[in-house]
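Novice: Following this line is my_file.pdb, made up of PDB, C-alpha atoms, pLDDT in the B column:
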ATOM      1  CA  MET N   1      78.885  91.961 115.883  1.00 47.00           C
ATOM      2  CA  LEU N   2      78.387  92.763 112.234  1.00 54.00           C
ATOM      3  CA  GLN N   3      81.113  95.413 112.487  1.00 56.00           C
ATOM      4  CA  ARG N   4      83.693  92.757 113.371  1.00 61.00           C
ATOM      5  CA  LEU N   5      82.729  90.610 110.398  1.00 65.00           C
ATOM      6  CA  THR N   6      84.002  93.092 107.835  1.00 82.00           C
ATOM      7  CA  PRO N   7      87.662  93.074 108.995  1.00 84.00           C
ATOM      8  CA  ALA N   8      87.548  89.287 109.079  1.00 84.00           C
ATOM      9  CA  VAL N   9      86.330  89.198 105.496  1.00 89.00           C
ATOM     10  CA  GLN N  10      88.990  91.731 104.510  1.00 89.00           C
ATOM     11  CA  LEU N  11      91.675  89.528 106.050  1.00 89.00           C
ATOM     12  CA  LEU N  12      90.328  86.492 104.185  1.00 92.00           C
ATOM     13  CA  GLY N  13      90.619  88.538 101.004  1.00 92.00           C
ATOM     14  CA  LEU N  14      94.178  89.393 101.963  1.00 94.00           C
ATOM     15  CA  GLY N  15      95.077  85.720 102.288  1.00 94.00           C
ATOM     16  CA  SER N  16      93.494  84.934  98.948  1.00 96.00           C
ATOM     17  CA  TYR N  17      95.352  87.824  97.310  1.00 96.00           C
ATOM     18  CA  VAL N  18      98.711  86.617  98.652  1.00 97.00           C
ATOM     19  CA  ALA N  19      98.054  83.055  97.504  1.00 97.00           C
ATOM     20  CA  VAL N  20      96.968  84.116  94.007  1.00 98.00           C
ATOM     21  CA  CYS N  21      99.993  86.393  93.560  1.00 98.00           C
ATOM     22  CA  ILE N  22     102.497  83.748  94.585  1.00 98.00           C
ATOM     23  CA  ALA N  23     100.825  80.887  92.719  1.00 98.00           C
ATOM     24  CA  GLY N  24     100.124  83.015  89.646  1.00 98.00           C
ATOM     25  CA  GLY N  25     103.704  84.212  89.383  1.00 98.00           C
ATOM     26  CA  THR N  26     105.077  80.719  89.828  1.00 98.00           C
ATOM     27  CA  VAL N  27     102.683  79.041  87.389  1.00 98.00           C
ATOM     28  CA  GLY N  28     103.154  81.820  84.841  1.00 97.00           C
ATOM     29  CA  GLY N  29     106.924  81.488  85.095  1.00 97.00           C
ATOM     30  CA  TYR N  30     106.672  77.716  84.755  1.00 98.00           C
ATOM     31  CA  TYR N  31     104.703  77.942  81.522  1.00 98.00           C
ATOM     32  CA  LEU N  32     107.073  80.566  80.152  1.00 97.00           C
ATOM     33  CA  ASP N  33     109.996  78.267  81.009  1.00 97.00           C
ATOM     34  CA  LYS N  34     108.334  75.458  79.065  1.00 97.00           C
ATOM     35  CA  ALA N  35     107.562  77.746  76.110  1.00 97.00           C
ATOM     36  CA  PHE N  36     111.078  79.218  75.868  1.00 97.00           C
ATOM     37  CA  ASP N  37     112.999  76.179  77.189  1.00 96.00           C
ATOM     38  CA  THR N  38     114.902  78.289  79.715  1.00 96.00           C
ATOM     39  CA  GLY N  39     115.237  75.802  82.556  1.00 95.00           C
ATOM     40  CA  ARG N  40     113.951  77.187  85.853  1.00 96.00           C
ATOM     41  CA  ILE N  41     114.949  80.837  85.631  1.00 97.00           C
ATOM     42  CA  LEU N  42     111.521  82.164  84.645  1.00 97.00           C
ATOM     43  CA  THR N  43     109.792  80.028  87.264  1.00 97.00           C
ATOM     44  CA  LEU N  44     112.010  81.517  89.943  1.00 98.00           C
ATOM     45  CA  SER N  45     111.583  84.997  88.480  1.00 98.00           C
ATOM     46  CA  GLY N  46     107.803  84.558  88.479  1.00 98.00           C
ATOM     47  CA  LEU N  47     107.952  83.381  92.081  1.00 98.00           C
ATOM     48  CA  ALA N  48     110.025  86.427  93.055  1.00 98.00           C
ATOM     49  CA  LEU N  49     107.682  88.767  91.222  1.00 98.00           C
ATOM     50  CA  GLY N  50     104.681  87.100  92.862  1.00 98.00           C
ATOM     51  CA  LEU N  51     106.268  87.462  96.303  1.00 98.00           C
ATOM     52  CA  VAL N  52     107.002  91.148  95.747  1.00 98.00           C
ATOM     53  CA  ALA N  53     103.461  91.785  94.515  1.00 98.00           C
ATOM     54  CA  ALA N  54     102.003  89.790  97.424  1.00 98.00           C
ATOM     55  CA  PHE N  55     103.981  91.642 100.082  1.00 98.00           C
ATOM     56  CA  TYR N  56     103.360  95.071  98.589  1.00 98.00           C
ATOM     57  CA  GLY N  57      99.655  94.546  97.981  1.00 97.00           C
ATOM     58  CA  GLY N  58      99.236  92.653 101.237  1.00 96.00           C
ATOM     59  CA  TYR N  59     100.832  95.472 103.200  1.00 97.00           C
ATOM     60  CA  ARG N  60      98.524  98.034 101.611  1.00 96.00           C
ATOM     61  CA  MET N  61      95.437  95.874 102.226  1.00 94.00           C
ATOM     62  CA  LEU N  62      96.465  95.255 105.831  1.00 94.00           C
ATOM     63  CA  MET N  63      96.978  98.967 106.490  1.00 94.00           C
ATOM     64  CA  ASP N  64      93.519  99.705 105.043  1.00 92.00           C
ATOM     65  CA  THR N  65      91.971  97.013 107.244  1.00 91.00           C
ATOM     66  CA  LEU N  66      93.684  98.345 110.360  1.00 93.00           C
ATOM     67  CA  ALA N  67      92.521 101.874 109.527  1.00 91.00           C
ATOM     68  CA  ASP N  68      88.952 100.581 109.167  1.00 88.00           C
ATOM     69  CA  ILE N  69      89.158  98.847 112.540  1.00 89.00           C
ATOM     70  CA  GLN N  70      90.434 102.005 114.219  1.00 92.00           C
ATOM     71  CA  ARG N  71      87.697 104.090 112.566  1.00 90.00           C
ATOM     72  CA  TRP N  72      85.003 101.651 113.728  1.00 88.00           C
ATOM     73  CA  GLU N  73      86.382 101.668 117.259  1.00 90.00           C
ATOM     74  CA  ARG N  74      86.336 105.492 117.339  1.00 91.00           C
ATOM     75  CA  GLU N  75      82.731 105.511 116.095  1.00 88.00           C
ATOM     76  CA  ARG N  76      81.767 102.919 118.668  1.00 87.00           C
ATOM     77  CA  ALA N  77      83.410 104.903 121.463  1.00 90.00           C
ATOM     78  CA  LYS N  78      81.633 108.071 120.296  1.00 88.00           C
ATOM     79  CA  ASP N  79      78.279 106.249 120.226  1.00 85.00           C
ATOM     80  CA  THR N  80      78.942 104.861 123.708  1.00 84.00           C
ATOM     81  CA  LYS N  81      79.657 108.359 125.047  1.00 83.00           C
ATOM     82  CA  LYS N  82      76.538 109.703 123.377  1.00 81.00           C
ATOM     83  CA  ASP N  83      74.381 106.996 124.967  1.00 74.00           C
ATOM     84  CA  GLY N  84      75.899 107.712 128.379  1.00 68.00           C
ATOM     85  CA  ARG N  85      77.221 104.207 129.040  1.00 57.00           C
TER      86      ARG N  85
END
Since I need it in another form, could you write the structure as structure tokens?

Specialist:
Amino acid sequence: MLQRLTPAVQLLGLGSYVAVCIAGGTVGGYYLDKAFDTGRILTLSGLALGLVAAFYGGYRMLMDTLADIQRWERERAKDTKKDGR
């Protein structure tokens, strides 16, 4: 059961990463818009940059998590064969 906890925690980290990227880009763009009086262009640019970072990083994290799950399943199957079950 402990082996299944790790992918769940990794996926929670993935959700947090996506949220921080999108919110951070948007908030950063908003403050830059206020500082440079540029309307909404930097807010939208920050949002776009945050989305790109979230999808790219999220994809990489998800692929790592899936690889971990497959590795754990192979180890579990090997242990099951070894035990003769």

Novice: Point out the residue among N:Ala8, N:Val27, N:Met61, N:Leu14 with the least atom-to-atom distance to Arg40 of chain N, counting all atoms listed in the file.

Specialist: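 Among the listed residues, N:Val27 lies closest to Arg40 of chain N.
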
Novice: On this structure, the PyMOL selection byres ((chain N and resi 15) around 12) would catch which residues? List them as a list of chain:residue names, sorted by chain and number.

Specialist: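 Checking the PyMOL selection byres ((chain N and resi 15) around 12) against this file, the residues are N:Ala8, N:Val9, N:Gln10, N:Leu11, N:Leu12, N:Gly13, N:Leu14, N:Ser16, N:Tyr17, N:Val18, N:Ala19, N:Val20, N:Cys21, N:Ile22, N:Ala54, N:Phe55, N:Gly57, N:Gly58, N:Tyr59, N:Met61, N:Leu62.
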
Novice: Write out as a list in words the residues lying within 9 Å of Gly25 of chain N, counting all atoms listed in the file and excluding same-chain residues fewer than 4 positions away.

Specialist: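 That gives Val20, Cys21, Gly29, Tyr30, Thr43, Leu44, Ser45, Gly46, Leu47, Ala48, Leu49, Gly50 and Leu51 of chain N.
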
Novice: For atom CA of Thr65 of chain N and atom CA of Thr26 of chain N, quote the distance in Å rounded to one decimal.

Specialist: 27.2 Å

Novice: Kindly give the distance, in Å, that separates atom CA of Pro7 of chain N and atom CA of Asp68 of chain N, rounded to a single decimal.

Specialist: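 Those two atoms sit 7.6 Å apart.
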
Novice: Which residue gives the smallest distance to Leu42 of chain N among N:Gly28, N:Met63, N:Ala77, N:Gln70, with all atoms listed in the file counted?

Specialist: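 Comparing N:Gly28, N:Met63, N:Ala77, N:Gln70 against Leu42 of chain N, the winner is N:Gly28.
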
Novice: Which centre and edge lengths in Å to one decimal define the box along x, y and z that fits every listed atom of segment 38-50 of chain N plus 3 Å per side, as lines of an AutoDock Vina configuration file?

Specialist:
center_x = 110.0
center_y = 82.3
center_z = 86.4
size_x = 16.6
size_y = 19.0
size_z = 19.3

Novice: In Å, how far is it from atom CA of Thr6 of chain N to atom CA of Ala23 of chain N?

Specialist: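 Going from atom CA of Thr6 of chain N over to atom CA of Ala23 of chain N, I get 25.7 Å.
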
Novice: Could you pull segment 3-32 of chain N out of the structure just shown and give C-alpha atoms as a PDB file, in the first residue's frame?

Specialist:
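Output saved as selection.pdb:
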ATOM      1  CA  GLN N   3       4.020   1.917  -2.929  1.00  0.00           C
ATOM      2  CA  ARG N   4       0.771   3.434  -4.205  1.00  0.00           C
ATOM      3  CA  LEU N   5       1.111   6.457  -1.942  1.00  0.00           C
ATOM      4  CA  THR N   6       4.162   7.808  -3.736  1.00  0.00           C
ATOM      5  CA  PRO N   7       2.484   8.265  -7.159  1.00  0.00           C
ATOM      6  CA  ALA N   8      -0.441   9.943  -5.427  1.00  0.00           C
ATOM      7  CA  VAL N   9       1.903  12.386  -3.734  1.00  0.00           C
ATOM      8  CA  GLN N  10       3.701  12.976  -7.033  1.00  0.00           C
ATOM      9  CA  LEU N  11       0.388  13.795  -8.704  1.00  0.00           C
ATOM     10  CA  LEU N  12      -0.493  16.209  -5.893  1.00  0.00           C
ATOM     11  CA  GLY N  13       2.847  17.890  -6.529  1.00  0.00           C
ATOM     12  CA  LEU N  14       1.983  18.058 -10.209  1.00  0.00           C
ATOM     13  CA  GLY N  15      -1.268  19.870  -9.464  1.00  0.00           C
ATOM     14  CA  SER N  16       0.498  22.310  -7.184  1.00  0.00           C
ATOM     15  CA  TYR N  17       3.166  22.951  -9.822  1.00  0.00           C
ATOM     16  CA  VAL N  18       0.551  23.711 -12.492  1.00  0.00           C
ATOM     17  CA  ALA N  19      -1.338  26.061 -10.178  1.00  0.00           C
ATOM     18  CA  VAL N  20       1.803  27.943  -9.115  1.00  0.00           C
ATOM     19  CA  CYS N  21       2.992  28.361 -12.714  1.00  0.00           C
ATOM     20  CA  ILE N  22      -0.311  29.731 -13.950  1.00  0.00           C
ATOM     21  CA  ALA N  23      -0.970  31.942 -10.926  1.00  0.00           C
ATOM     22  CA  GLY N  24       2.639  33.126 -10.735  1.00  0.00           C
ATOM     23  CA  GLY N  25       2.742  34.115 -14.387  1.00  0.00           C
ATOM     24  CA  THR N  26      -0.569  35.924 -14.158  1.00  0.00           C
ATOM     25  CA  VAL N  27       0.208  37.762 -10.917  1.00  0.00           C
ATOM     26  CA  GLY N  28       3.695  38.661 -12.132  1.00  0.00           C
ATOM     27  CA  GLY N  29       2.273  40.030 -15.371  1.00  0.00           C
ATOM     28  CA  TYR N  30      -0.356  41.987 -13.455  1.00  0.00           C
ATOM     29  CA  TYR N  31       2.229  43.720 -11.289  1.00  0.00           C
ATOM     30  CA  LEU N  32       4.398  44.464 -14.309  1.00  0.00           C
TER      31      LEU N  32
END
